[in-house]
Structure formats: structure tokens, C-alpha cells
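Asker: Data: upload_10.cif, mmCIF, C-alpha atoms and all ligand atoms.
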data_entry
loop_
_atom_site.label_atom_id
_atom_site.label_comp_id
_atom_site.auth_asym_id
_atom_site.auth_seq_id
_atom_site.Cartn_x
_atom_site.Cartn_y
_atom_site.Cartn_z
CA MET P 55 -9.95 -70.10 32.71
CA GLN P 56 -6.89 -67.98 31.93
CA HIS P 57 -4.42 -67.69 34.81
CA SER P 58 -2.45 -64.55 35.54
CA GLU P 59 -0.24 -63.40 38.40
CA GLN P 60 -3.38 -62.00 40.04
CA GLY P 61 -5.34 -65.26 39.99
CA THR P 62 -7.94 -66.59 37.66
CA LEU P 63 -9.37 -64.70 34.71
CA PRO P 64 -12.47 -65.63 32.71
CA GLU P 65 -11.93 -67.84 29.66
CA ALA P 66 -11.79 -65.99 26.32
CA ASP P 67 -14.54 -67.14 23.96
CA SER P 68 -13.38 -69.00 20.84
CA ILE P 69 -13.69 -65.99 18.49
CA SER P 70 -11.70 -63.75 20.85
CA ALA P 71 -9.08 -66.47 21.40
CA ALA P 72 -8.66 -66.89 17.62
CA HIS P 73 -8.30 -63.11 17.22
CA SER P 74 -5.73 -63.01 20.03
CA ALA P 75 -3.71 -65.73 18.29
CA LEU P 76 -3.61 -63.54 15.15
CA VAL P 77 -2.44 -60.55 17.17
CA ALA P 78 0.20 -62.68 18.90
CA ARG P 79 1.47 -63.79 15.46
CA HIS P 80 1.57 -60.16 14.28
CA VAL P 81 3.53 -59.06 17.38
CA SER P 82 5.90 -62.04 17.10
CA ASP P 83 6.62 -61.05 13.48
CA LYS P 84 7.38 -57.48 14.61
CA ILE P 85 9.71 -58.82 17.30
CA ALA P 86 11.50 -61.08 14.80
CA ALA P 87 11.82 -58.21 12.30
CA ALA P 88 13.33 -56.03 15.06
CA GLY P 89 16.00 -58.64 15.79
CA GLY P 90 14.50 -60.38 18.85
CA CYS P 91 12.79 -57.79 21.03
CA ILE P 92 10.77 -54.59 20.96
CA SER P 93 10.26 -51.98 23.67
CA PHE P 94 7.28 -52.40 25.97
CA ALA P 95 5.82 -49.20 24.45
CA ALA P 96 6.08 -50.70 20.95
CA TYR P 97 4.42 -53.91 22.24
CA MET P 98 1.61 -51.89 23.86
CA HIS P 99 1.16 -49.90 20.66
CA GLU P 100 0.80 -53.07 18.56
CA VAL P 101 -1.61 -54.91 20.88
CA LEU P 102 -3.80 -51.84 21.32
CA TYR P 103 -3.58 -50.01 17.99
CA ALA P 104 -2.26 -52.24 15.15
CA PRO P 105 -4.73 -51.50 12.32
CA GLY P 106 -7.53 -54.07 12.19
CA LEU P 107 -5.92 -56.13 14.96
CA GLY P 108 -5.25 -54.08 18.10
CA TYR P 109 -7.67 -53.94 21.01
CA TYR P 110 -8.87 -50.42 20.10
CA SER P 111 -8.62 -50.90 16.33
CA ALA P 112 -10.58 -54.14 15.97
CA GLY P 113 -14.19 -54.92 16.86
CA ALA P 114 -14.01 -55.92 20.57
CA ALA P 115 -16.94 -54.59 22.63
CA LYS P 116 -14.53 -52.81 25.05
CA PHE P 117 -16.98 -50.54 26.96
CA GLY P 118 -19.93 -51.44 29.19
CA PRO P 119 -21.30 -54.69 30.61
CA ASP P 120 -20.44 -56.77 27.51
CA GLY P 121 -16.94 -55.33 27.32
CA ASP P 122 -13.93 -55.17 29.63
CA PHE P 123 -14.28 -51.90 31.53
CA THR P 124 -16.69 -49.04 32.15
CA THR P 125 -15.72 -45.39 31.86
CA ALA P 126 -17.48 -42.45 33.56
CA PRO P 127 -19.53 -41.43 30.47
CA GLU P 128 -20.80 -45.02 30.26
CA VAL P 129 -21.65 -45.11 33.98
CA SER P 130 -23.97 -42.12 33.82
CA SER P 131 -25.05 -39.24 31.61
CA LEU P 132 -24.64 -37.04 34.71
CA PHE P 133 -20.89 -36.98 34.01
CA ALA P 134 -21.51 -35.40 30.59
CA TYR P 135 -24.23 -33.07 31.87
CA VAL P 136 -21.87 -31.51 34.44
CA ILE P 137 -19.13 -31.16 31.82
CA ALA P 138 -21.70 -29.51 29.52
CA ARG P 139 -22.48 -26.93 32.22
CA GLN P 140 -18.76 -26.14 32.45
CA CYS P 141 -18.44 -25.94 28.67
CA ALA P 142 -21.42 -23.57 28.37
CA ALA P 143 -19.75 -20.73 30.27
CA THR P 144 -16.42 -21.12 28.46
CA LEU P 145 -18.04 -21.38 25.02
CA ALA P 146 -20.03 -18.20 25.70
CA GLU P 147 -16.96 -16.22 26.76
CA VAL P 148 -14.82 -17.46 23.89
CA ARG P 149 -17.58 -16.76 21.35
CA THR P 150 -17.99 -13.21 22.65
CA ASN P 151 -14.26 -12.54 22.39
CA TYR P 152 -13.33 -14.51 19.27
CA GLY P 153 -16.57 -14.93 17.30
CA GLN P 154 -16.41 -18.74 17.35
CA ALA P 155 -16.47 -21.54 19.92
CA SER P 156 -16.29 -25.31 19.41
CA ILE P 157 -15.57 -28.48 21.36
CA LEU P 158 -12.76 -30.86 20.42
CA GLU P 159 -12.88 -34.32 22.02
CA PHE P 160 -9.98 -36.78 21.88
CA GLY P 161 -10.67 -40.51 21.92
CA ALA P 162 -14.46 -40.34 22.06
CA GLY P 163 -14.98 -44.05 22.86
CA SER P 164 -18.56 -45.12 22.09
CA GLY P 165 -19.62 -41.51 21.31
CA LYS P 166 -21.85 -41.38 24.41
CA LEU P 167 -20.04 -38.44 26.06
CA ALA P 168 -20.36 -36.37 22.86
CA ALA P 169 -24.07 -37.17 22.42
CA ASP P 170 -24.88 -36.43 26.09
CA ILE P 171 -22.90 -33.16 26.13
CA LEU P 172 -24.65 -31.97 22.97
CA THR P 173 -28.03 -32.91 24.45
CA ARG P 174 -27.44 -30.86 27.58
CA LEU P 175 -25.87 -27.92 25.71
CA LYS P 176 -28.94 -27.76 23.47
CA GLU P 177 -31.16 -27.59 26.56
CA LEU P 178 -28.93 -24.84 27.94
CA ASP P 179 -29.14 -23.03 24.59
CA ALA P 180 -25.34 -23.13 24.44
CA LEU P 181 -24.49 -25.38 21.50
CA PRO P 182 -20.93 -25.19 20.13
CA ASP P 183 -20.40 -24.17 16.48
CA SER P 184 -19.06 -27.67 15.94
CA TYR P 185 -18.14 -30.76 17.95
CA ARG P 186 -14.85 -32.08 16.63
CA ILE P 187 -13.66 -35.60 17.40
CA LEU P 188 -10.10 -36.83 16.99
CA GLU P 189 -10.10 -40.63 17.23
CA VAL P 190 -7.22 -42.95 16.32
CA SER P 191 -9.38 -46.08 16.02
CA ALA P 192 -11.34 -46.54 12.77
CA ASP P 193 -13.61 -49.06 14.52
CA LEU P 194 -14.50 -46.62 17.30
CA ARG P 195 -14.98 -43.77 14.86
CA GLU P 196 -17.66 -45.83 13.07
CA ARG P 197 -19.26 -46.70 16.39
CA GLN P 198 -19.26 -43.03 17.43
CA GLU P 199 -20.91 -41.96 14.17
CA SER P 200 -23.64 -44.53 14.50
CA HIS P 201 -24.34 -43.76 18.18
CA ILE P 202 -24.46 -39.99 17.61
CA LYS P 203 -26.74 -40.36 14.58
CA SER P 204 -29.21 -42.46 16.53
CA ALA P 205 -28.97 -40.65 19.92
CA VAL P 206 -29.03 -37.02 18.69
CA PRO P 207 -30.01 -37.09 14.99
CA GLU P 208 -30.90 -33.39 14.95
CA LEU P 209 -27.42 -32.46 16.24
CA ALA P 210 -25.34 -34.97 14.29
CA SER P 211 -24.50 -32.47 11.55
CA ARG P 212 -22.50 -30.42 14.09
CA VAL P 213 -20.18 -33.38 14.75
CA MET P 214 -17.12 -33.83 12.56
CA TRP P 215 -14.24 -36.27 12.71
CA LEU P 216 -10.73 -34.94 12.18
CA ASP P 217 -7.72 -36.89 10.93
CA HIS P 218 -5.27 -34.60 12.70
CA LEU P 219 -5.24 -31.67 15.08
CA PRO P 220 -6.55 -28.45 13.55
CA ASP P 221 -4.15 -25.50 13.31
CA GLU P 222 -6.25 -23.67 15.81
CA HIS P 223 -9.11 -24.31 18.17
CA HIS P 224 -11.24 -21.84 20.14
CA GLY P 225 -13.42 -23.26 22.89
CA VAL P 226 -13.06 -26.49 24.87
CA VAL P 227 -10.80 -29.54 24.52
CA LEU P 228 -11.91 -32.74 26.27
CA ALA P 229 -10.17 -36.06 26.84
CA ASN P 230 -11.53 -38.74 29.16
CA GLU P 231 -9.22 -41.70 29.74
CA VAL P 232 -7.06 -40.96 26.71
CA LEU P 233 -3.69 -40.36 28.37
CA ASP P 234 -3.95 -43.68 30.23
CA ALA P 235 -4.51 -45.51 26.93
CA MET P 236 -1.26 -44.26 25.38
CA PRO P 237 1.65 -46.69 25.11
CA VAL P 238 4.17 -46.28 27.93
CA GLU P 239 7.81 -47.23 28.30
CA ARG P 240 8.61 -49.50 31.26
CA PHE P 241 11.97 -49.18 32.96
CA ILE P 242 13.91 -50.72 35.81
CA ARG P 243 16.43 -48.80 37.92
CA ARG P 244 19.71 -50.68 38.25
CA SER P 245 22.55 -49.57 40.51
CA ASN P 246 24.56 -47.86 37.76
CA HIS P 247 22.15 -47.54 34.86
CA VAL P 248 18.52 -47.43 33.76
CA ALA P 249 17.27 -50.44 31.79
CA GLN P 250 14.40 -50.45 29.33
CA LEU P 251 11.98 -53.36 29.65
CA CYS P 252 11.48 -54.97 26.25
CA VAL P 253 9.30 -57.81 25.05
CA GLU P 254 10.67 -60.97 23.46
CA VAL P 255 9.21 -64.35 22.54
CA GLU P 256 10.12 -67.32 24.69
CA ASP P 257 8.70 -70.69 23.58
CA ASP P 258 5.13 -69.69 22.69
CA HIS P 259 4.63 -66.72 25.00
CA PHE P 260 5.85 -63.15 25.49
CA THR P 261 8.31 -62.32 28.23
CA LEU P 262 10.20 -59.25 29.45
CA VAL P 263 13.89 -58.71 28.93
CA GLU P 264 16.15 -55.80 29.98
CA ARG P 265 18.10 -53.63 27.55
CA VAL P 266 20.19 -50.54 28.28
CA ALA P 267 17.71 -47.65 28.06
CA PRO P 268 17.88 -45.45 24.96
CA ALA P 269 18.87 -41.82 25.59
CA LEU P 270 15.30 -40.45 25.61
CA LEU P 271 14.14 -42.89 28.31
CA ALA P 272 17.32 -42.50 30.39
CA GLU P 273 16.90 -38.71 30.24
CA ALA P 274 13.24 -38.99 31.28
CA VAL P 275 14.18 -41.09 34.31
CA ALA P 276 17.01 -38.66 35.16
CA SER P 277 14.51 -35.81 35.04
CA ILE P 278 12.12 -37.72 37.37
CA GLU P 279 14.97 -38.33 39.83
CA LYS P 280 15.95 -34.66 39.65
CA ASP P 281 12.35 -33.64 40.50
CA LEU P 282 12.23 -36.14 43.36
CA GLY P 283 15.61 -34.95 44.64
CA GLN P 284 16.86 -38.52 44.91
CA ARG P 285 17.67 -41.62 42.93
CA LEU P 286 14.98 -44.26 42.60
CA PRO P 287 15.75 -47.41 44.60
CA ASP P 288 17.57 -50.32 42.93
CA ALA P 289 15.26 -52.74 41.10
CA TYR P 290 12.48 -50.10 41.06
CA VAL P 291 10.13 -50.69 38.11
CA SER P 292 7.80 -48.07 36.69
CA GLU P 293 6.49 -46.45 33.53
CA VAL P 294 7.02 -43.22 31.60
CA ASN P 295 4.60 -41.93 28.98
CA LEU P 296 7.07 -40.40 26.52
CA ALA P 297 4.27 -39.52 24.06
CA ALA P 298 2.29 -37.47 26.60
CA ALA P 299 4.56 -34.43 26.49
CA ALA P 300 4.18 -34.00 22.73
CA TRP P 301 0.43 -34.62 23.00
CA VAL P 302 -0.07 -31.91 25.66
CA ALA P 303 2.23 -29.52 23.77
CA ASP P 304 0.16 -30.10 20.60
CA ILE P 305 -3.05 -29.32 22.50
CA ALA P 306 -1.45 -26.15 23.85
CA ALA P 307 -0.35 -25.07 20.37
CA THR P 308 -3.87 -25.63 19.00
CA LEU P 309 -5.88 -24.07 21.83
CA ARG P 310 -5.90 -20.33 21.08
CA ALA P 311 -8.54 -19.49 23.67
CA GLY P 312 -10.59 -21.54 26.11
CA MET P 313 -9.89 -24.55 28.28
CA ALA P 314 -8.79 -28.15 28.08
CA LEU P 315 -10.09 -30.73 30.57
CA LEU P 316 -8.13 -33.97 30.97
CA PHE P 317 -9.86 -36.66 33.03
CA ASP P 318 -7.99 -39.78 34.05
CA TYR P 319 -6.86 -41.89 36.92
CA GLY P 320 -3.61 -40.43 38.04
CA VAL P 321 -1.54 -38.78 40.70
CA SER P 322 1.23 -36.21 41.13
CA ARG P 323 4.79 -37.12 40.12
CA ARG P 324 5.83 -37.51 43.76
CA GLU P 325 3.05 -40.05 44.35
CA TYR P 326 3.63 -41.76 41.02
CA TYR P 327 7.28 -42.46 41.72
CA ALA P 328 6.95 -43.02 45.49
CA ALA P 329 9.39 -45.59 46.86
CA ASP P 330 6.57 -47.96 47.86
CA ARG P 331 5.16 -47.96 44.31
CA SER P 332 8.02 -50.11 43.08
CA ASP P 333 6.10 -52.08 40.48
CA GLY P 334 4.55 -49.21 38.56
CA TRP P 335 0.96 -48.38 37.68
CA LEU P 336 0.11 -50.66 34.78
CA ARG P 337 -3.44 -52.09 34.83
CA CYS P 338 -5.06 -54.50 32.39
CA HIS P 339 -8.78 -55.08 32.02
CA PHE P 340 -10.40 -58.23 30.70
CA ARG P 341 -14.13 -58.86 31.10
CA HIS P 342 -14.23 -56.52 34.11
CA HIS P 343 -11.32 -58.24 35.86
CA ALA P 344 -8.36 -55.95 36.62
CA HIS P 345 -4.87 -57.44 36.74
CA ALA P 346 -1.25 -56.49 35.91
CA ASP P 347 -0.12 -59.01 33.28
CA ALA P 348 0.12 -57.06 30.02
CA LEU P 349 1.80 -59.91 28.15
CA ILE P 350 -1.23 -62.20 28.06
CA LEU P 351 -4.42 -61.92 25.98
CA PRO P 352 -2.76 -59.77 23.26
CA GLY P 353 -5.33 -57.70 21.38
CA ILE P 354 -8.31 -58.73 23.52
CA GLN P 355 -7.58 -56.99 26.80
CA ASP P 356 -7.17 -53.32 27.60
CA ILE P 357 -3.80 -52.14 28.92
CA THR P 358 -3.59 -48.83 30.74
CA SER P 359 -1.22 -46.92 32.92
CA TRP P 360 -2.07 -44.29 35.51
CA VAL P 361 -1.17 -40.71 34.60
CA ASP P 362 1.65 -38.57 36.00
CA PHE P 363 -0.37 -35.33 36.14
CA SER P 364 2.67 -33.26 37.18
CA ALA P 365 4.30 -34.11 33.85
CA ALA P 366 1.22 -33.01 31.90
CA ALA P 367 0.89 -29.78 33.93
CA SER P 368 4.54 -28.91 33.50
CA VAL P 369 4.40 -29.26 29.69
CA ALA P 370 1.19 -27.20 29.66
CA ILE P 371 2.86 -24.37 31.57
CA ASP P 372 5.98 -24.53 29.39
CA SER P 373 3.68 -24.29 26.37
CA GLY P 374 2.00 -21.11 27.60
CA LEU P 375 -1.19 -22.51 29.15
CA SER P 376 -2.36 -21.69 32.68
CA ILE P 377 -3.44 -24.40 35.10
CA ALA P 378 -7.13 -23.76 35.80
CA GLY P 379 -7.16 -26.43 38.50
CA TYR P 380 -6.52 -30.03 39.47
CA VAL P 381 -9.31 -31.72 41.41
CA SER P 382 -10.65 -35.18 42.08
CA GLN P 383 -13.51 -36.30 39.84
CA ALA P 384 -15.86 -36.07 42.84
CA HIS P 385 -14.96 -32.43 43.41
CA PHE P 386 -15.14 -31.64 39.70
CA LEU P 387 -18.70 -32.95 39.61
CA VAL P 388 -19.90 -31.45 42.89
CA ASN P 389 -18.31 -28.03 42.23
CA GLY P 390 -19.49 -28.17 38.63
CA GLY P 391 -23.23 -28.58 39.17
CA LEU P 392 -24.02 -32.18 40.11
CA THR P 393 -26.50 -31.02 42.77
CA GLU P 394 -28.29 -28.81 40.24
CA GLU P 395 -28.44 -31.77 37.84
CA LEU P 396 -30.21 -33.73 40.59
CA ALA P 397 -32.70 -30.95 41.40
CA ASP P 398 -35.69 -33.06 40.28
CA PHE P 399 -34.49 -36.15 42.14
CA THR P 400 -37.34 -36.26 44.69
CA GLU P 401 -39.94 -36.14 41.92
CA LEU P 402 -38.55 -39.26 40.23
CA ALA P 403 -40.05 -42.73 40.59
CA PRO P 404 -38.28 -44.86 43.25
CA ALA P 405 -36.69 -47.13 40.63
CA ALA P 406 -35.21 -44.12 38.82
CA GLN P 407 -34.00 -42.67 42.14
CA LEU P 408 -32.24 -45.92 42.98
CA ARG P 409 -30.64 -46.07 39.54
CA LEU P 410 -29.43 -42.48 39.76
CA SER P 411 -28.07 -42.88 43.32
CA ALA P 412 -26.09 -45.93 42.24
CA GLN P 413 -24.60 -43.93 39.36
CA VAL P 414 -23.72 -40.97 41.61
CA LYS P 415 -22.01 -43.34 44.04
CA ILE P 416 -19.82 -44.85 41.32
CA LEU P 417 -18.89 -41.43 39.94
CA THR P 418 -18.10 -39.80 43.29
CA LEU P 419 -17.28 -42.25 46.10
CA PRO P 420 -13.56 -42.43 47.02
CA GLY P 421 -13.51 -46.23 46.69
CA GLU P 422 -15.06 -46.00 43.21
CA MET P 423 -14.15 -43.29 40.67
CA GLY P 424 -14.39 -40.25 42.93
CA GLU P 425 -10.83 -40.00 44.21
CA ASN P 426 -8.52 -41.94 41.88
CA PHE P 427 -9.87 -40.08 38.87
CA LYS P 428 -8.78 -36.47 38.60
CA CYS P 429 -9.43 -33.60 36.25
CA LEU P 430 -6.57 -31.35 35.16
CA GLY P 431 -7.90 -28.09 33.73
CA MET P 432 -5.71 -25.93 31.52
CA SER P 433 -6.70 -22.61 30.02
CA ARG P 434 -5.62 -19.84 27.71
CA ALA P 435 -7.04 -16.33 27.39
CA LEU P 436 -9.98 -17.14 29.66
CA ASP P 437 -11.24 -14.58 32.23
CA ASN P 438 -13.79 -16.80 33.99
CA LEU P 439 -12.46 -20.13 35.14
CA PRO P 440 -14.86 -23.06 35.39
CA SER P 441 -16.59 -23.45 38.77
CA SER P 442 -15.43 -27.09 38.88
CA PHE P 443 -12.11 -25.93 40.29
CA ALA P 444 -13.60 -23.51 42.84
CA THR P 445 -12.87 -25.68 45.90
CA ALA P 446 -10.49 -28.50 46.82
CA ASP P 447 -8.05 -27.51 44.09
CA ARG P 448 -4.81 -29.43 44.60
CA THR P 449 -2.70 -27.82 41.90
CA PHE P 450 -0.16 -27.16 44.68
CA SER P 451 0.49 -30.93 44.86
CA LEU P 452 1.65 -31.19 41.26
C1 LIG P 501 -10.07 -45.89 27.46
S1 LIG P 501 -10.77 -45.35 25.98
C2 LIG P 501 -11.78 -44.01 26.55
C3 LIG P 501 -12.92 -43.71 25.63
C4 LIG P 501 -13.85 -42.58 26.03
N1 LIG P 501 -13.16 -41.32 26.14
C5 LIG P 501 -14.59 -42.89 27.30
O1 LIG P 501 -14.33 -42.25 28.31
O2 LIG P 501 -15.43 -43.80 27.29
C6 LIG P 501 -9.42 -44.55 25.17
C7 LIG P 501 -9.79 -43.83 23.88
O3 LIG P 501 -8.71 -43.00 23.46
C8 LIG P 501 -8.44 -43.24 22.09
N2 LIG P 501 -7.05 -42.79 21.88
C9 LIG P 501 -5.91 -43.32 22.35
N3 LIG P 501 -4.84 -42.57 22.00
C10 LIG P 501 -5.33 -41.51 21.31
C11 LIG P 501 -4.75 -40.35 20.71
N4 LIG P 501 -3.43 -40.16 20.73
N5 LIG P 501 -5.56 -39.47 20.09
C12 LIG P 501 -6.90 -39.66 20.05
N6 LIG P 501 -7.51 -40.75 20.60
C13 LIG P 501 -6.74 -41.64 21.23
C14 LIG P 501 -8.77 -44.71 21.93
O4 LIG P 501 -8.94 -45.12 20.61
C15 LIG P 501 -10.09 -44.75 22.73
O5 LIG P 501 -11.17 -44.21 22.01
#
For this file, produce the structure as C-alpha cells.
Answerer:
Amino acid sequence: MQHSEQGTLPEADSISAAHSALVARHVSDKIAAAGGCISFAAYMHEVLYAPGLGYYSAGAAKFGPDGDFTTAPEVSSLFAYVIARQCAATLAEVRTNYGQASILEFGAGSGKLAADILTRLKELDALPDSYRILEVSADLRERQESHIKSAVPELASRVMWLDHLPDEHHGVVLANEVLDAMPVERFIRRSNHVAQLCVEVEDDHFTLVERVAPALLAEAVASIEKDLGQRLPDAYVSEVNLAAAAWVADIAATLRAGMALLFDYGVSRREYYAADRSDGWLRCHFRHHAHADALILPGIQDITSWVDFSAAASVAIDSGLSIAGYVSQAHFLVNGGLTEELADFTELAPAAQLRLSAQVKILTLPGEMGENFKCLGMSRALDNLPSSFATADRTFSL
């Protein structure tokens, strides 16, 4: 069994352990080449995305019971069906006004969300012109292609994989648990400066070391403190996703008309940097065990960080988008048509009813995914906003 700060983790099987040793060697080489340490963000990038080695780039199962974590599309197709209902109205309006309407999904995981959305949109007679996927992992891209070809063969020709953002997009942009998978900088507030947490090698393991923060990170922390109206406490540790701003700005530049829906676990900036959250929001997932030690199991565990939704919303507004709403996942689903999706519930066999109720509970209960997961909706040139934001909108909190 592998021990972490949070207790005991399951043992890695021999193939995974051998792969992790390769990744550790790769990261150690990077650290040596950089003169002894690399930023935490650079470490996270290598262990998650180094070609052929990183957690997302190599062949680990990742999603579902055989993997390390389960995302909403993997829990239940209901998640995709409600999103499809929301897409249908937007696609129709955008097509009427601009003559075209497509969906663009970032980080499509196993491809299940795409296949389920297309299935429901076909039933609603509201298919997009194309379903574009932008995926950074070659391994996942292959997996997505194979799942979509077998799950919806008649619709597979509408799906295309892009290597970079298109110049323009009309329709819907989707991203489920993509922001939380981006490498983050970790920092620690000292009495007279901000330090960047970096990773170095000590004996045969990785450890954190402090360096004076580079200008970009120091400025980001200064901007957080300005928004909070006070300095963070001494020894306060947290994260900043420096890549998120450019990512949201790129989406805004591409989206000419329609809406973007970002789903993730996250909170407002005030909650993110609350004084009692003095150890940040980093979470690691290994074989369905959650813990906070990102320096172990390199390349074979997922590393994520909760999302500062205020930061994303502020870039969106600065880039000319409107905020359509910010709601919990439970409210997104209930406002967006979950009840209608369950209209035939009483006609189902008891076993199917039990299965579906269990899925609904995971998607919507506050102690499961219902409250921690949020949806931030952003729109441009859209007259009719999605019904998902009709009640319990907490945009005011951002
Ligand atoms: C936690 S997984 C979520 C997968 C899927 N959306 C789901 O809900 O099951 C994160 C996904 O985002 C992808 N990803 C991370 N950064 C990305 C980026 N900048 N652009 C596109 N995809 C990205 C990863 O390769 C992976 O497919």
C-alpha cells in the first residue's frame, strides 16, 4: 500500500508502478536540466501531459470503475441529455441568425458526453452542423473516436477533431472538468513577498521548495489581494491557474454567437481565497481515493485544482461575453429539463428505476456532485438564454 499524508492508498499494480518510475525519471531529467527545480505548474504539466508519459497522454484507464475518478458524463447519460436540451434552443437561434450552428467540446474524455449529446439532439431533430472536439491528449482522442464510432456510427461523420481553436465558432462551446485539469501555480504568502512553490528532487523523491515568485505570479497574487481588499495571511498556501485567463479569452475570441458552458468544481474568488482555506484546493485521485499529495505516483494519478469561477467570469466579460448565469450542477440539471428527461420513470422496470435514481442522486445531491460542481454560462449575441440559469443564479457571488 502507498502511504500519503491522507492515509493509505491502494498499491499500484506492477505495470503502473513501472510506468510511474519512467515518468519520475523524465521529470527528474527536466528538473536537472532546469538547474535543480521546476515550478509546480511545470511539474503538473509533465506528470499529466508529457507526450506518451503523462497521466492524460498515456494509456491509463482514468475514467470509470477501472480508473481513478468518475465524471458526470460517466455517471449518467442524463447529464448529456439535459445539456443537449439546452444546446437545441441555442443551436436553433444561432442557425436562424447566422446560417450555421455547431458544438465545440474541449477535453472530451472518453467521448461519452459527445455521443450522448448527439443521440439526444438527433431525437430532438436538432443536430449541429458539426461536433468539433479539441483534445490535447492523443490517447484520449483515439479513445473518443473509437467510442463515438461504436456508440453512434450513423452520427460519427459529424464529429471532427481539431488541432487548434478555429478562427470562429457559431453555436455552443462545452467543457466539463477541463479547467480543473490545467496545470496551476502554487504559491505561499510570506510576510514581505510571495514565494512560488517549486519541485526538486531530494534523495529518490520529489519535494517542494520555495523560490521568489516570478513577476506574473506575484502580480496574480497582488490582483487577488486587491479583489479581497486585504493581504492573504502569512504562510497561506494556494493555487493560481495562470493559463485559464488566456484559455477563456481564446474561447471568447472564437465564439461569434451562441453560448459557452463551463462545468467544474469551483467557487467564487472570495471563497477560493478565504482565510480558512489556507492549504489551497489541490486534489489528487488514484483508484477512487482522493488525497492531496501531488508529488507521489507521478504519471499514474490525476491531479486537479478547484476553479476560481470569478477569474473566468471576469476574463469573459473583459473579452466581450455576457454572463448567462452561474448555478450549481443540481440547479443546471433541474432548471434545464431533468424532470422532463425522467417523464417515463414510472413505466420503467424496478431495476432500471433504482439505477436511474442512484444516478440522479450522484448528479444532484449536495454531498455528491450537486453543489460543489457549478456551471458558468457565457454568451454572445444570444436573445434567448438557456433555461438552466432561470432560477438560483448566483452570478452576483462572483
Ligand atoms: C478530467 S478530464 C475530463 C474529461 C471529460 N470532459 C469528462 O467530463 O469526462 C480532463 C480532460 O481535459 C483535457 N484537457 C486538459 N487541458 C486541455 C486543454 N487546454 N484543451 C483541451 N483539452 C484539455 C484532458 O486531456 C482530458 O480529456
Asker: Using only C-alpha atoms, which of the listed residues (P:Trp360, P:Tyr97, P:Phe450, P:Phe443) sits closest to Val255 (chain P)?
Answerer: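 Looking at the shortest contact to Val255 (chain P), the residue is P:Tyr97.
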Asker: Give the residue list for ligand LIG 501 (chain P) at 9 Å, counting all atoms listed in the file, as an MDAnalysis selection string, sorted by chain and then by residue number.
Answerer: chainID P and resid 102:103 109:111 116:117 123:128 159:167 187:195 218 228:237 297:298 301 317:318 356:358
Asker: Kindly compute an axis-aligned box around the listed atoms of region 266-281 of chain P, allowing 5 Å on each side, and express its centre and edge lengths in Å to one decimal as AutoDock Vina command-line options.
Answerer:
--center_x 16.2 --center_y -42.1 --center_z 32.7 --size_x 18.1 --size_y 26.9 --size_z 25.5
Asker: Wanna dump the region 99-133 of chain P-region 405-417 of chain P contacts at 9 Å for me, each residue with its shortest atom pair and the distance in Å to one decimal, counting all atoms listed in the file, ordered by chain and number, as a tab-separated table?
Answerer:
residue	atom	partner	partner_atom	distance
P:Ala126	CA	P:Leu417	CA	6.6
P:Val129	CA	P:Gln413	CA	6.2
P:Ser130	CA	P:Gln413	CA	5.9
P:Leu132	CA	P:Val414	CA	8.0
P:Phe133	CA	P:Leu417	CA	7.7
Asker: When you draw a straight line from CA of Pro119 (chain P) to CA of Glu65 (chain P), how long is it in Å?
Answerer: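 Spanning CA of Pro119 (chain P) to CA of Glu65 (chain P) is a straight-line distance of 16.2 Å.
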Asker: Determine the nearest neighbour of Ala142 (chain P) from the options P:Val369, P:Ala303, P:Met313, P:Ala329, counting all atoms listed in the file.
Answerer: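 Once distances to Ala142 (chain P) are computed over all atoms listed in the file, the minimum belongs to P:Met313.
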Asker: From the set P:Leu107, P:Ala66, P:Leu296, P:Ala71, which residue has the shortest atom-to-atom contact distance to Ala95 (chain P), counting only C-alpha atoms?
Answerer: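 Looking only at the distances to Ala95 (chain P), the closest residue turns out to be P:Leu296.
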Asker: Could you list, as a PyMOL selection string, every residue within 6 Å of Asp122 (chain P), counting all atoms listed in the file and ignoring same-chain residues fewer than 2 positions away?
Answerer: chain P and resi 116+339-342
Asker: How far is it from CA of Cys429 (chain P) to CA of Phe363 (chain P), in Å with one decimal?
Answerer: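 Pair CA of Cys429 (chain P) / CA of Phe363 (chain P) returns 9.2 Å.
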Asker: So, with all atoms listed in the file as the atoms that count, which of P:Thr62, P:Thr173, P:Ser93, P:Thr393 lies closest to Pro268 (chain P)?
Answerer: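 Selected residue with least distance to Pro268 (chain P): P:Ser93.
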Asker: Taking all atoms listed in the file into account, name the residue in P:Val361, P:Ala397, P:Leu209, P:Ala289 that is nearest to Leu181 (chain P).
Answerer: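 Smallest distance to Leu181 (chain P) is found for P:Leu209.
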Asker: Could you check the closest approach to Ala205 (chain P) for each of P:Ala168, P:Val291, P:Leu439, P:Val101 and tell me which residue wins, using only C-alpha atoms?
Answerer: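 Among the listed residues, P:Ala168 lies closest to Ala205 (chain P).
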Asker: Just to confirm, what's the straight-line distance from CA of Ser245 (chain P) to CA of Ala88 (chain P) in Å (one decimal)?
Answerer: 27.8 Å
Asker: Please provide as a PDB file with C-alpha atoms, keeping the file's coordinate frame all residues within 7 Å of His223 (chain P), with the sequence filter that same-chain residues fewer than 6 positions apart are discarded (counting all atoms listed in the file).
Answerer:
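Generated file (part.pdb):
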ATOM      1  CA  THR P 308      -3.870 -25.630  19.000  1.00  0.00           C
ATOM      2  CA  LEU P 309      -5.880 -24.070  21.830  1.00  0.00           C
ATOM      3  CA  ARG P 310      -5.900 -20.330  21.080  1.00  0.00           C
TER       4      ARG P 310
END
Asker: Kindly extract all protein, DNA and RNA residues lying within 8 Å of the coordinates (-16.8, -34.8, 43.4) given in the file, considering only C-alpha atoms, and supply them as a compact mmCIF listing (two decimals) with C-alpha atoms, keeping the file's coordinate frame.
Answerer:
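Full text of part-v8.txt as output:
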# COMPACT_ATOMS: atom_id res chain seq x y z
CA SER P 382 -10.65 -35.18 42.08
CA GLN P 383 -13.51 -36.30 39.84
CA ALA P 384 -15.86 -36.07 42.84
CA HIS P 385 -14.96 -32.43 43.41
CA PHE P 386 -15.14 -31.64 39.70
CA LEU P 387 -18.70 -32.95 39.61
CA VAL P 388 -19.90 -31.45 42.89
CA ASN P 389 -18.31 -28.03 42.23
CA LEU P 417 -18.89 -41.43 39.94
CA THR P 418 -18.10 -39.80 43.29
CA LEU P 419 -17.28 -42.25 46.10
CA GLY P 424 -14.39 -40.25 42.93
CA GLU P 425 -10.83 -40.00 44.21
Asker: List as a PyMOL selection string the protein and nucleic acid residues near Ala348 (chain P), meaning an atom at most 8 Å away when only C-alpha atoms are counted, but skip any in the same chain fewer than 2 places from it.
Answerer: chain P and resi 336-338+346+350-352+357
